[in-house]
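Asks: Take a look at protein_15.cif, mmCIF, C-alpha atoms and all ligand atoms:
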```
data_target
loop_
_atom_site.label_atom_id
_atom_site.label_comp_id
_atom_site.auth_asym_id
_atom_site.auth_seq_id
_atom_site.Cartn_x
_atom_site.Cartn_y
_atom_site.Cartn_z
CA MET T 249 1.94 12.50 45.55
CA LYS T 250 4.03 9.55 44.38
CA GLU T 251 2.10 8.67 41.35
CA ALA T 252 -0.77 9.97 39.35
CA SER T 253 -2.59 8.65 36.39
CA VAL T 254 -4.36 10.72 33.83
CA GLN T 255 -6.50 9.33 31.07
CA ILE T 256 -6.59 10.93 27.66
CA ASP T 257 -9.37 9.74 25.42
CA LEU T 258 -8.49 10.06 21.79
CA PRO T 259 -10.98 9.27 19.08
CA ALA T 260 -9.95 6.36 16.84
CA ILE T 261 -9.19 8.70 13.96
CA PRO T 262 -7.85 12.10 15.05
CA ALA T 263 -9.54 13.89 12.19
CA SER T 264 -11.47 12.86 9.13
CA TYR T 265 -10.10 13.57 5.70
CA HIS T 266 -11.16 13.36 2.10
CA ILE T 267 -9.78 11.29 -0.70
CA ARG T 268 -10.48 12.98 -4.02
CA ILE T 269 -10.27 10.84 -7.14
CA GLY T 270 -10.56 12.00 -10.75
CA ASN T 271 -8.95 12.48 -14.13
CA GLY T 272 -6.64 15.49 -14.56
CA LEU T 273 -6.79 16.67 -10.93
CA LEU T 274 -3.09 17.47 -10.62
CA ASP T 275 -3.57 21.00 -11.96
CA ASP T 276 -6.05 21.52 -9.15
CA ALA T 277 -3.53 20.56 -6.45
CA GLY T 278 -3.27 24.17 -5.18
CA PRO T 279 -6.97 24.87 -4.52
CA TRP T 280 -7.35 21.33 -3.18
CA ALA T 281 -4.44 21.83 -0.75
CA ARG T 282 -5.98 25.16 0.33
CA GLY T 283 -9.22 23.41 1.13
CA SER T 284 -7.53 20.55 2.98
CA LEU T 285 -5.01 22.46 5.12
CA ASP T 286 -5.43 24.93 7.95
CA VAL T 287 -6.15 28.46 6.68
CA ASP T 288 -2.86 29.87 7.98
CA THR T 289 -0.65 27.38 6.10
CA LYS T 290 1.98 29.37 4.21
CA ARG T 291 4.68 26.98 3.05
CA VAL T 292 4.54 23.52 1.64
CA ALA T 293 7.44 21.16 1.09
CA VAL T 294 6.90 18.87 -1.89
CA ILE T 295 8.73 15.59 -1.33
CA SER T 296 9.22 13.44 -4.42
CA ASN T 297 11.83 11.52 -6.37
CA PRO T 298 13.59 12.62 -9.59
CA THR T 299 11.45 10.34 -11.81
CA VAL T 300 8.07 11.51 -10.57
CA TYR T 301 9.18 15.10 -10.02
CA GLY T 302 10.52 15.22 -13.59
CA LEU T 303 7.10 14.19 -14.88
CA TYR T 304 4.69 15.98 -12.54
CA GLY T 305 6.70 18.30 -10.25
CA ASP T 306 6.35 21.54 -12.21
CA ARG T 307 2.58 21.23 -12.59
CA THR T 308 2.15 20.47 -8.91
CA ILE T 309 4.41 23.34 -7.83
CA SER T 310 2.74 25.91 -10.12
CA SER T 311 -0.71 24.94 -8.95
CA LEU T 312 0.39 25.24 -5.32
CA GLN T 313 2.04 28.61 -5.98
CA ASN T 314 -1.00 29.91 -7.85
CA ALA T 315 -3.03 29.07 -4.77
CA GLY T 316 -0.71 31.33 -2.76
CA PHE T 317 1.63 28.80 -1.13
CA GLU T 318 5.38 29.31 -0.86
CA THR T 319 6.91 26.06 -2.05
CA VAL T 320 10.14 24.19 -1.40
CA ARG T 321 11.07 20.80 -2.75
CA CYS T 322 13.02 17.86 -1.47
CA LEU T 323 13.94 14.93 -3.69
CA VAL T 324 14.84 11.47 -2.41
CA GLY T 325 16.39 8.57 -4.32
CA ASP T 326 14.09 6.43 -6.47
CA GLY T 327 13.43 2.93 -5.17
CA GLU T 328 12.87 0.74 -2.16
CA THR T 329 16.60 0.77 -1.30
CA TYR T 330 16.23 4.43 -0.33
CA LYS T 331 13.38 3.71 2.09
CA ASN T 332 15.58 3.92 5.18
CA LEU T 333 16.48 6.14 8.13
CA GLU T 334 19.35 7.77 6.26
CA THR T 335 16.92 9.16 3.69
CA VAL T 336 14.51 10.27 6.41
CA GLU T 337 17.37 12.09 8.11
CA SER T 338 18.23 13.89 4.88
CA VAL T 339 14.57 14.89 4.48
CA LEU T 340 14.45 16.17 8.08
CA THR T 341 17.61 18.21 7.48
CA SER T 342 16.07 19.71 4.40
CA LEU T 343 12.74 20.49 6.13
CA ALA T 344 14.66 22.26 8.89
CA ALA T 345 16.85 24.18 6.42
CA ASP T 346 13.74 25.26 4.52
CA GLU T 347 12.15 26.42 7.78
CA ILE T 348 9.09 24.24 7.56
CA THR T 349 7.22 25.05 10.79
CA ARG T 350 4.32 23.42 12.62
CA SER T 351 1.89 25.55 10.66
CA ASP T 352 3.35 24.43 7.32
CA ALA T 353 2.79 21.19 5.44
CA VAL T 354 4.43 18.35 3.56
CA VAL T 355 3.10 17.09 0.23
CA ALA T 356 4.14 13.57 -0.79
CA LEU T 357 4.19 13.32 -4.59
CA GLY T 358 5.03 9.79 -5.70
CA GLY T 359 4.48 6.09 -5.17
CA GLY T 360 4.40 4.16 -1.91
CA VAL T 361 8.10 4.64 -1.26
CA VAL T 362 7.92 8.44 -1.41
CA GLY T 363 4.62 8.37 0.52
CA ASP T 364 6.05 6.23 3.32
CA ILE T 365 9.26 8.32 3.64
CA ALA T 366 7.51 11.71 3.39
CA GLY T 367 4.76 10.49 5.71
CA PHE T 368 7.24 9.37 8.36
CA ALA T 369 9.34 12.54 8.07
CA SER T 370 6.18 14.66 8.45
CA ALA T 371 5.15 12.58 11.48
CA ILE T 372 8.37 13.31 13.36
CA HIS T 373 9.51 16.73 12.07
CA LEU T 374 8.72 19.05 15.00
CA ARG T 375 6.64 16.14 16.40
CA GLY T 376 4.30 16.25 13.47
CA VAL T 377 3.39 18.58 10.62
CA SER T 378 0.42 18.34 8.26
CA LEU T 379 0.69 15.86 5.43
CA LEU T 380 -1.02 15.68 2.05
CA GLN T 381 -0.66 12.65 -0.18
CA ILE T 382 -0.63 12.78 -3.99
CA PRO T 383 -0.07 9.11 -4.87
CA THR T 384 1.19 8.46 -8.38
CA THR T 385 1.25 4.65 -8.61
CA LEU T 386 -1.84 2.46 -8.64
CA LEU T 387 -0.58 0.69 -5.50
CA ALA T 388 -0.16 3.97 -3.65
CA MET T 389 -3.60 5.16 -4.80
CA ILE T 390 -5.55 2.16 -3.54
CA ASP T 391 -3.39 1.20 -0.61
CA SER T 392 -0.40 3.02 0.86
CA SER T 393 -1.63 6.64 0.69
CA VAL T 394 -4.73 5.82 2.72
CA GLY T 395 -4.74 4.72 6.34
CA GLY T 396 -1.90 6.60 7.99
CA LYS T 397 0.83 3.95 8.14
CA THR T 398 4.17 5.60 7.43
CA GLY T 399 7.69 4.34 7.85
CA VAL T 400 10.91 2.89 6.53
CA ASN T 401 12.85 -0.35 6.41
CA SER T 402 15.64 -1.20 8.84
CA PRO T 403 18.46 -3.76 8.61
CA ALA T 404 16.18 -6.03 10.70
CA GLY T 405 13.40 -5.99 8.13
CA LYS T 406 10.79 -4.16 6.06
CA ASN T 407 8.65 -1.36 7.48
CA LEU T 408 9.92 -1.97 11.02
CA ILE T 409 10.38 1.71 11.86
CA GLY T 410 7.44 4.05 11.53
CA ALA T 411 4.52 5.97 12.89
CA PHE T 412 0.81 6.29 12.36
CA HIS T 413 0.27 9.70 10.82
CA GLN T 414 -2.95 10.34 8.94
CA PRO T 415 -2.83 12.76 6.00
CA LYS T 416 -5.10 15.80 5.84
CA GLY T 417 -6.16 14.78 2.36
CA VAL T 418 -5.37 12.48 -0.56
CA LEU T 419 -5.54 13.61 -4.19
CA ILE T 420 -5.69 10.86 -6.79
CA ASP T 421 -5.24 11.87 -10.43
CA ILE T 422 -5.62 8.75 -12.55
CA ALA T 423 -4.10 10.56 -15.56
CA VAL T 424 -0.62 10.07 -14.07
CA LEU T 425 -1.00 6.30 -14.46
CA ALA T 426 -0.39 6.73 -18.21
CA THR T 427 3.36 6.99 -17.57
CA LEU T 428 3.54 4.11 -15.11
CA ASP T 429 5.57 1.07 -16.10
CA GLY T 430 3.52 -2.07 -16.93
CA ARG T 431 5.00 -4.09 -14.07
CA GLU T 432 4.01 -1.36 -11.61
CA VAL T 433 0.45 -1.47 -12.96
CA THR T 434 0.38 -5.25 -12.46
CA ALA T 435 1.73 -4.80 -8.93
CA GLY T 436 -1.03 -2.30 -8.08
CA LEU T 437 -3.68 -4.55 -9.57
CA CYS T 438 -2.45 -7.43 -7.37
CA GLU T 439 -3.08 -5.33 -4.25
CA ALA T 440 -6.52 -4.57 -5.69
CA VAL T 441 -7.16 -8.33 -6.01
CA LYS T 442 -6.10 -8.65 -2.36
CA HIS T 443 -8.78 -6.14 -1.33
CA GLY T 444 -11.32 -7.94 -3.53
CA ALA T 445 -10.46 -11.35 -2.06
CA ILE T 446 -11.03 -10.18 1.51
CA GLY T 447 -13.62 -7.51 0.70
CA GLY T 448 -16.16 -9.58 -1.17
CA THR T 449 -17.59 -10.50 -4.55
CA GLU T 450 -18.81 -6.97 -5.33
CA LEU T 451 -15.38 -5.43 -4.86
CA LEU T 452 -13.71 -8.26 -6.75
CA GLY T 453 -16.39 -8.10 -9.46
CA GLY T 454 -15.72 -4.39 -10.07
CA LEU T 455 -12.08 -5.22 -10.58
CA THR T 456 -12.76 -8.10 -12.98
CA ASP T 457 -15.03 -5.76 -15.01
CA LEU T 458 -12.12 -3.33 -15.24
CA LEU T 459 -9.75 -6.10 -16.30
CA SER T 460 -12.18 -7.26 -19.00
CA ALA T 461 -12.54 -3.70 -20.31
CA ARG T 462 -8.76 -3.35 -20.34
CA LYS T 463 -8.32 -6.29 -22.71
CA GLY T 464 -4.63 -6.52 -21.80
CA ARG T 465 -3.89 -2.99 -23.09
CA ASP T 466 -1.57 -0.72 -21.16
CA PHE T 467 -2.86 2.31 -19.29
CA ALA T 468 -1.27 4.84 -21.66
CA GLU T 469 -3.23 3.38 -24.56
CA LEU T 470 -6.41 3.63 -22.52
CA SER T 471 -5.94 7.22 -21.42
CA GLU T 472 -8.33 8.49 -24.15
CA ASP T 473 -10.93 5.81 -23.45
CA ASP T 474 -13.52 7.70 -21.37
CA ARG T 475 -15.50 4.59 -20.44
CA PHE T 476 -12.36 2.87 -19.14
CA GLN T 477 -11.26 5.97 -17.21
CA GLU T 478 -14.70 6.18 -15.57
CA LEU T 479 -14.51 2.54 -14.63
CA LEU T 480 -11.01 3.06 -13.23
CA ILE T 481 -12.16 5.95 -11.02
CA GLU T 482 -15.05 3.82 -9.78
CA VAL T 483 -12.78 0.85 -8.99
CA ILE T 484 -10.22 3.02 -7.18
CA ALA T 485 -13.01 4.71 -5.20
CA ARG T 486 -14.47 1.36 -4.07
CA GLN T 487 -11.00 0.06 -3.19
CA VAL T 488 -10.17 3.14 -1.13
CA GLU T 489 -13.57 3.01 0.54
CA PHE T 490 -12.95 -0.59 1.56
CA LYS T 491 -9.55 0.19 3.05
CA ALA T 492 -10.89 3.33 4.76
CA ASN T 493 -13.69 1.34 6.42
CA ILE T 494 -11.27 -1.19 7.85
CA VAL T 495 -8.85 1.51 9.02
CA THR T 496 -11.55 3.64 10.65
CA ASP T 497 -12.57 0.67 12.75
CA ASP T 498 -9.04 -0.43 13.77
CA GLU T 499 -6.72 2.51 13.06
CA LYS T 500 -3.61 1.16 14.78
CA GLU T 501 -3.99 -2.53 14.00
CA SER T 502 -4.78 -3.60 17.54
CA SER T 503 -2.79 -6.69 18.42
CA ALA T 504 -5.71 -8.01 20.47
CA ARG T 505 -8.06 -8.12 17.50
CA ASN T 506 -8.28 -11.20 15.31
CA ASP T 507 -11.71 -10.76 13.80
CA ALA T 508 -12.68 -10.55 10.13
CA ARG T 509 -12.81 -6.71 10.24
CA SER T 510 -9.51 -6.12 12.03
CA ARG T 511 -6.80 -4.19 10.20
CA LYS T 512 -4.68 -7.34 10.22
CA ILE T 513 -6.78 -8.80 7.42
CA LEU T 514 -5.17 -6.28 5.06
CA ASN T 515 -2.06 -8.44 5.41
CA PHE T 516 -3.77 -11.14 3.35
CA GLY T 517 -1.19 -12.53 0.93
CA HIS T 518 1.63 -10.74 2.71
CA THR T 519 3.20 -13.61 4.67
CA LEU T 520 4.51 -15.27 1.53
CA ALA T 521 4.95 -11.90 -0.23
CA HIS T 522 7.32 -10.56 2.44
CA ALA T 523 9.20 -13.88 2.52
CA LEU T 524 9.62 -13.88 -1.29
CA GLU T 525 10.83 -10.27 -1.23
CA SER T 526 13.25 -11.03 1.59
CA VAL T 527 14.82 -14.18 0.08
CA THR T 528 15.35 -12.38 -3.24
CA GLY T 529 16.96 -9.33 -1.64
CA TYR T 530 14.05 -6.99 -2.43
CA GLU T 531 15.19 -6.56 -6.02
CA TYR T 532 13.53 -9.31 -8.00
CA PHE T 533 9.86 -8.61 -7.32
CA ARG T 534 7.80 -5.46 -7.25
CA HIS T 535 6.05 -5.61 -3.87
CA GLY T 536 2.61 -6.08 -5.47
CA GLU T 537 3.88 -8.90 -7.70
CA ALA T 538 4.99 -10.79 -4.60
CA VAL T 539 1.53 -10.12 -3.13
CA GLY T 540 0.03 -11.71 -6.27
CA TYR T 541 1.81 -14.96 -5.37
CA GLY T 542 0.97 -14.46 -1.70
CA ILE T 543 -2.75 -14.33 -2.50
CA LEU T 544 -2.58 -17.55 -4.50
CA PHE T 545 -0.59 -19.34 -1.80
CA ALA T 546 -2.93 -18.23 1.01
CA ALA T 547 -5.91 -19.36 -1.09
CA GLU T 548 -4.30 -22.72 -1.83
CA LEU T 549 -3.45 -23.25 1.84
CA SER T 550 -7.03 -22.32 2.78
CA LYS T 551 -8.31 -24.96 0.35
CA ASN T 552 -5.95 -27.59 1.77
CA LEU T 553 -7.13 -26.83 5.29
CA ALA T 554 -10.71 -27.34 4.07
CA LEU T 555 -11.53 -23.71 4.86
CA CYS T 556 -12.19 -22.55 1.34
CA ASP T 557 -13.96 -23.96 -1.69
CA LYS T 558 -11.93 -24.80 -4.80
CA ILE T 559 -14.21 -22.61 -6.97
CA ASP T 560 -13.12 -19.51 -5.03
CA VAL T 561 -9.47 -20.54 -5.29
CA GLN T 562 -9.85 -21.01 -9.04
CA LEU T 563 -11.53 -17.61 -9.35
CA LEU T 564 -8.60 -15.93 -7.57
CA ASN T 565 -6.14 -17.78 -9.82
CA ASP T 566 -8.02 -16.53 -12.90
CA VAL T 567 -8.08 -12.94 -11.66
CA VAL T 568 -4.40 -12.87 -10.63
CA GLN T 569 -3.41 -14.32 -13.98
CA SER T 570 -5.42 -11.70 -15.84
CA VAL T 571 -3.64 -8.76 -14.16
CA GLY T 572 -0.42 -9.43 -16.06
CA PRO T 573 2.60 -11.73 -15.92
CA LEU T 574 4.40 -12.32 -12.62
CA PRO T 575 8.16 -13.07 -12.51
CA ALA T 576 8.79 -16.83 -12.18
CA LEU T 577 9.60 -18.40 -8.82
CA THR T 578 12.61 -20.23 -10.29
CA GLY T 579 15.36 -21.03 -7.79
CA ILE T 580 13.42 -19.98 -4.73
CA ASP T 581 14.34 -22.26 -1.85
CA LEU T 582 11.62 -23.71 0.36
CA LYS T 583 13.74 -23.68 3.53
CA GLU T 584 14.71 -20.05 3.02
CA VAL T 585 11.08 -19.11 2.57
CA ARG T 586 10.05 -20.98 5.74
CA LYS T 587 12.83 -19.18 7.60
CA ALA T 588 11.67 -15.83 6.28
CA PHE T 589 8.14 -16.48 7.63
CA THR T 590 9.61 -15.89 11.10
CA LEU T 591 10.00 -12.23 10.22
CA ASP T 592 6.22 -11.89 10.54
CA LYS T 593 6.41 -13.81 13.81
CA LYS T 594 8.44 -11.03 15.35
CA ASN T 595 5.71 -8.54 14.62
CA LEU T 596 2.95 -10.63 16.09
CA ALA T 597 4.05 -11.64 19.58
CA GLY T 598 5.92 -14.82 18.85
CA SER T 599 3.30 -16.59 16.83
CA LEU T 600 2.95 -16.51 13.07
CA GLN T 601 -0.57 -15.52 12.20
CA MET T 602 -1.74 -16.01 8.64
CA VAL T 603 -4.73 -14.42 7.02
CA LEU T 604 -6.60 -17.17 5.18
CA LEU T 605 -9.95 -17.34 3.45
CA LYS T 606 -13.19 -19.13 4.19
CA GLY T 607 -14.38 -17.84 0.83
CA ILE T 608 -14.31 -14.57 -1.14
CA GLY T 609 -14.93 -11.78 1.37
CA LYS T 610 -14.50 -14.10 4.36
CA PRO T 611 -10.99 -13.63 5.77
CA VAL T 612 -9.96 -15.53 8.86
CA ILE T 613 -6.83 -15.17 10.97
CA VAL T 614 -5.26 -18.54 11.68
CA SER T 615 -2.42 -19.14 14.08
CA GLU T 616 0.55 -21.21 12.90
CA GLN T 617 -0.15 -23.76 15.66
CA ASP T 618 -3.43 -24.56 13.95
CA ILE T 619 -1.75 -25.33 10.62
CA PRO T 620 -0.22 -28.84 10.53
CA PRO T 621 3.46 -28.30 9.58
CA ASN T 622 3.35 -31.07 6.98
CA VAL T 623 0.40 -29.37 5.21
CA MET T 624 2.19 -26.02 5.20
CA THR T 625 5.38 -27.61 3.80
CA ARG T 626 3.57 -29.69 1.16
CA VAL T 627 1.44 -26.79 -0.08
CA LEU T 628 4.45 -24.49 -0.19
CA GLU T 629 6.57 -27.09 -1.98
CA GLU T 630 3.91 -27.71 -4.61
CA PHE T 631 3.31 -24.00 -4.97
CA LEU T 632 6.98 -23.13 -5.55
CA ALA T 633 7.27 -25.99 -8.06
CA LYS T 634 4.13 -24.92 -9.94
CA TRP T 635 5.31 -21.32 -10.47
CA ALA T 636 9.02 -22.05 -11.02
N1 LIG U 1 1.98 2.68 4.15
C1 LIG U 1 1.24 1.69 3.75
O1 LIG U 1 0.14 1.46 4.26
C2 LIG U 1 1.73 0.83 2.62
C3 LIG U 1 0.85 -0.07 2.00
C4 LIG U 1 1.31 -0.80 0.92
C5 LIG U 1 2.61 -0.61 0.46
N2 LIG U 1 3.43 0.27 1.09
C6 LIG U 1 4.80 0.50 0.63
O2 LIG U 1 4.74 1.05 -0.68
C7 LIG U 1 5.97 0.77 -1.35
C8 LIG U 1 5.67 0.37 -2.78
O3 LIG U 1 5.08 1.45 -3.43
P1 LIG U 1 4.97 1.49 -5.00
O4 LIG U 1 4.54 0.18 -5.49
O5 LIG U 1 4.13 2.68 -5.31
O6 LIG U 1 6.46 1.66 -5.49
P2 LIG U 1 7.42 2.95 -5.75
O7 LIG U 1 7.04 4.06 -4.87
O8 LIG U 1 8.81 2.44 -5.67
O9 LIG U 1 7.10 3.35 -7.25
C9 LIG U 1 7.40 2.44 -8.28
C10 LIG U 1 8.19 3.11 -9.39
O10 LIG U 1 7.32 3.88 -10.19
C11 LIG U 1 7.84 5.21 -10.36
N3 LIG U 1 6.67 6.07 -10.51
C12 LIG U 1 5.80 6.45 -9.57
N4 LIG U 1 4.76 7.08 -10.13
C13 LIG U 1 4.98 7.14 -11.45
C14 LIG U 1 4.26 7.65 -12.54
N5 LIG U 1 3.05 8.19 -12.40
N6 LIG U 1 4.81 7.54 -13.78
C15 LIG U 1 6.01 6.93 -13.94
N7 LIG U 1 6.72 6.40 -12.95
C16 LIG U 1 6.21 6.50 -11.72
C17 LIG U 1 8.66 5.43 -9.12
O11 LIG U 1 9.63 6.43 -9.33
C18 LIG U 1 9.28 4.04 -8.91
O12 LIG U 1 10.41 3.88 -9.71
C19 LIG U 1 6.67 -0.30 -0.54
O13 LIG U 1 7.74 0.27 0.13
C20 LIG U 1 5.60 -0.76 0.46
O14 LIG U 1 6.16 -1.19 1.67
C21 LIG U 1 3.02 1.00 2.15
ZN ZN U 2 1.20 -4.70 0.24
#
```
Rewrite the structure from the file as structure tokens, please.

Replies:
Amino acid sequence: MKEASVQIDLPAIPASYHIRIGNGLLDDAGPWARGSLDVDTKRVAVISNPTVYGLYGDRTISSLQNAGFETVRCLVGDGETYKNLETVESVLTSLAADEITRSDAVVALGGGVVGDIAGFASAIHLRGVSLLQIPTTLLAMIDSSVGGKTGVNSPAGKNLIGAFHQPKGVLIDIAVLATLDGREVTAGLCEAVKHGAIGGTELLGGLTDLLSARKGRDFAELSEDDRFQELLIEVIARQVEFKANIVTDDEKESSARNDARSRKILNFGHTLAHALESVTGYEYFRHGEAVGYGILFAAELSKNLALCDKIDVQLLNDVVQSVGPLPALTGIDLKEVRKAFTLDKKNLAGSLQMVLLKGIGKPVIVSEQDIPPNVMTRVLEEFLAKWA
């Protein structure tokens, strides 16, 4: 027999998992992990960074130990600059030294950076060990901890190395947001606006209610406000539900799909965001802040292509501006930004595809060929000038 072909039918999502959201859940991490992992799981490796571990590591570890787990910890550097293969290699070395086996598990305790590194390491250590996510930034809660994308940056670009590896569970304790820096809160809220813009008026409305109740106060100040905390849980739950629905339907972001429910629509606002991050060396913007601008640019372009009404564009402007200040676009060069758009091209088979809007909740994927270059340049030029 020269050749044989065998078909393996895998369900879209290998296993379902729960996302638990509440206030003060961290102390329940142990029993929650017990309920989420296989019964014979003995050891868990908690992967975190010194900032988050210093704040929440001890509580997480004691809860896990009280639930009968042996624990080991592995700390990685704090920040996007550590999201690379070198860090993953150090995590893999540490998992091997700590004898984490296929029946053990990894717990990611931190923001999106820790989640992406720990997720990727758990996807490839011994070809895959169980993963639990305990996201500690707003962005990680509503976005990166859900959906199974894991990975790191490479010299060629952001998030270019990775794997799909779904967690066995996600535990969201909103109480940890009290220690989060204001800019990080703004960044997370921008990703929430992104979901609202493509998800629909109900999702966006929930977020605007939260922003009105917030009255510009920081999350620490609001930690005793029960009504606000309830609203926050509700908003996070709806956000996660939205992302989960999209991911369930198109787990691996099929390149063939271009419809309004494909996973690609979650990239709304990200063409300009990635370009802004790239031309500023990934240090000037928080990722979500760049997404804030990306949303406004995509909306403006949609309006200029007569896809989207100006009322919807104004609404998005109002919401983005109410999430908090964004760093100015001073000194950002148009040509550099246009060049950086080609980074997305690489990912999508030679053609830049932009997610635009036909209205709130009506995303549409438009190919670069269908956007007149002069319109793209004019809108971008005006946009950069407006926010400089
Ligand atoms: N995998 C995905 O689907 C996906 C989706 C969106 C974003 N991402 C990735 O997520 C990353 C961004 O994540 P992020 O915005 O969470 O940034 P981050 O992980 O860098 O966290 C931001 C900062 O907040 C600190 N921090 C975290 N939790 C804290 C807390 N509770 N109190 C005080 N400080 C705290 C961190 O130490 C860090 O300094 C990017 O690398 C992005 O590519 C991944
Ligand atoms: Zn994003």

Asks: So that all listed atoms of stretch 599-616 of chain T fit with 4 Å spare on each side, what axis-aligned box centre and edge lengths in Å, to one decimal, would you give as AutoDock Vina command-line options?

Replies:
```
--center_x -5.8 --center_y -16.5 --center_z 7.8 --size_x 26.2 --size_y 17.4 --size_z 26.0
```

Asks: Compare T:Val539, T:Ala508, T:Leu333, T:Ile559 by their minimum atom-to-atom distance to T:Gly609, counting all atoms listed in the file, and give me the closest one.

Replies: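 Answer, going by the shortest atom-to-atom distance: T:Ala508.
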
Asks: With all atoms listed in the file as the atoms that count, which of T:Thr578, T:Ser393, T:Ser550, T:Thr528 lies nearest to ligand ZN 2 (chain U)?

Replies: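 Selected residue with least distance to ligand ZN 2 (chain U): T:Ser393.
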
Asks: List all protein, DNA and RNA residues that have at least one atom no more than 12 Å from any atom of ligand ZN 2 (chain U), counting all atoms listed in the file, and write them as a PyMOL selection string.

Replies: chain T and resi 360-361+386-388+390-393+397+406-407+435-443+512-522+525+534-543

Asks: Between T:Val612, T:Ala636, T:Ile372, T:Leu564, which has the minimum distance to T:Thr449 (counting all atoms listed in the file)?

Replies: T:Leu564

Asks: With a distance cut-off of 7 Å and only C-alpha atoms, select the neighbouring residues of T:Val336, excluding the residue or stretch itself and same-chain residues fewer than 3 positions from it, and output the selection as a list of chain:residue names.

Replies: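 Neighbouring residues, sequence-local ones excluded: T:Asn332, T:Leu333, T:Val339, T:Leu340, T:Ile365, T:Ala369.
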
Asks: Using all atoms listed in the file, determine which residues lie at most 10 Å from stretch 309-323 of chain T, disregarding the query and same-chain residues fewer than 6 positions distant; provide the list as a PyMOL selection string.

Replies: chain T and resi 274-282+289-301+335+338-340+342-343+346-348+352-357+362+366

Asks: Using all atoms listed in the file, determine which residues lie at most 12 Å from stretch 463-478 of chain T, disregarding the query and same-chain residues fewer than 4 positions distant; provide the list as a PyMOL selection string.

Replies: chain T and resi 269-272+385-386+421-434+437+454-459+482-485+569-573

Asks: Select, from T:Gly363, T:Glu616, T:Thr308, T:Val394, the residue with the minimum atom-to-atom distance to T:Ser264, counting only C-alpha atoms.

Replies: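 Checking each candidate against T:Ser264, we get T:Val394 as the closest.
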
Asks: Go through T:Ala547, T:Thr590, T:Glu501, T:Asp364 and flag the residue nearest T:Gly405, using all atoms listed in the file for the distances.

Replies: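 Nearest candidate to T:Gly405 out of T:Ala547, T:Thr590, T:Glu501, T:Asp364: T:Thr590.
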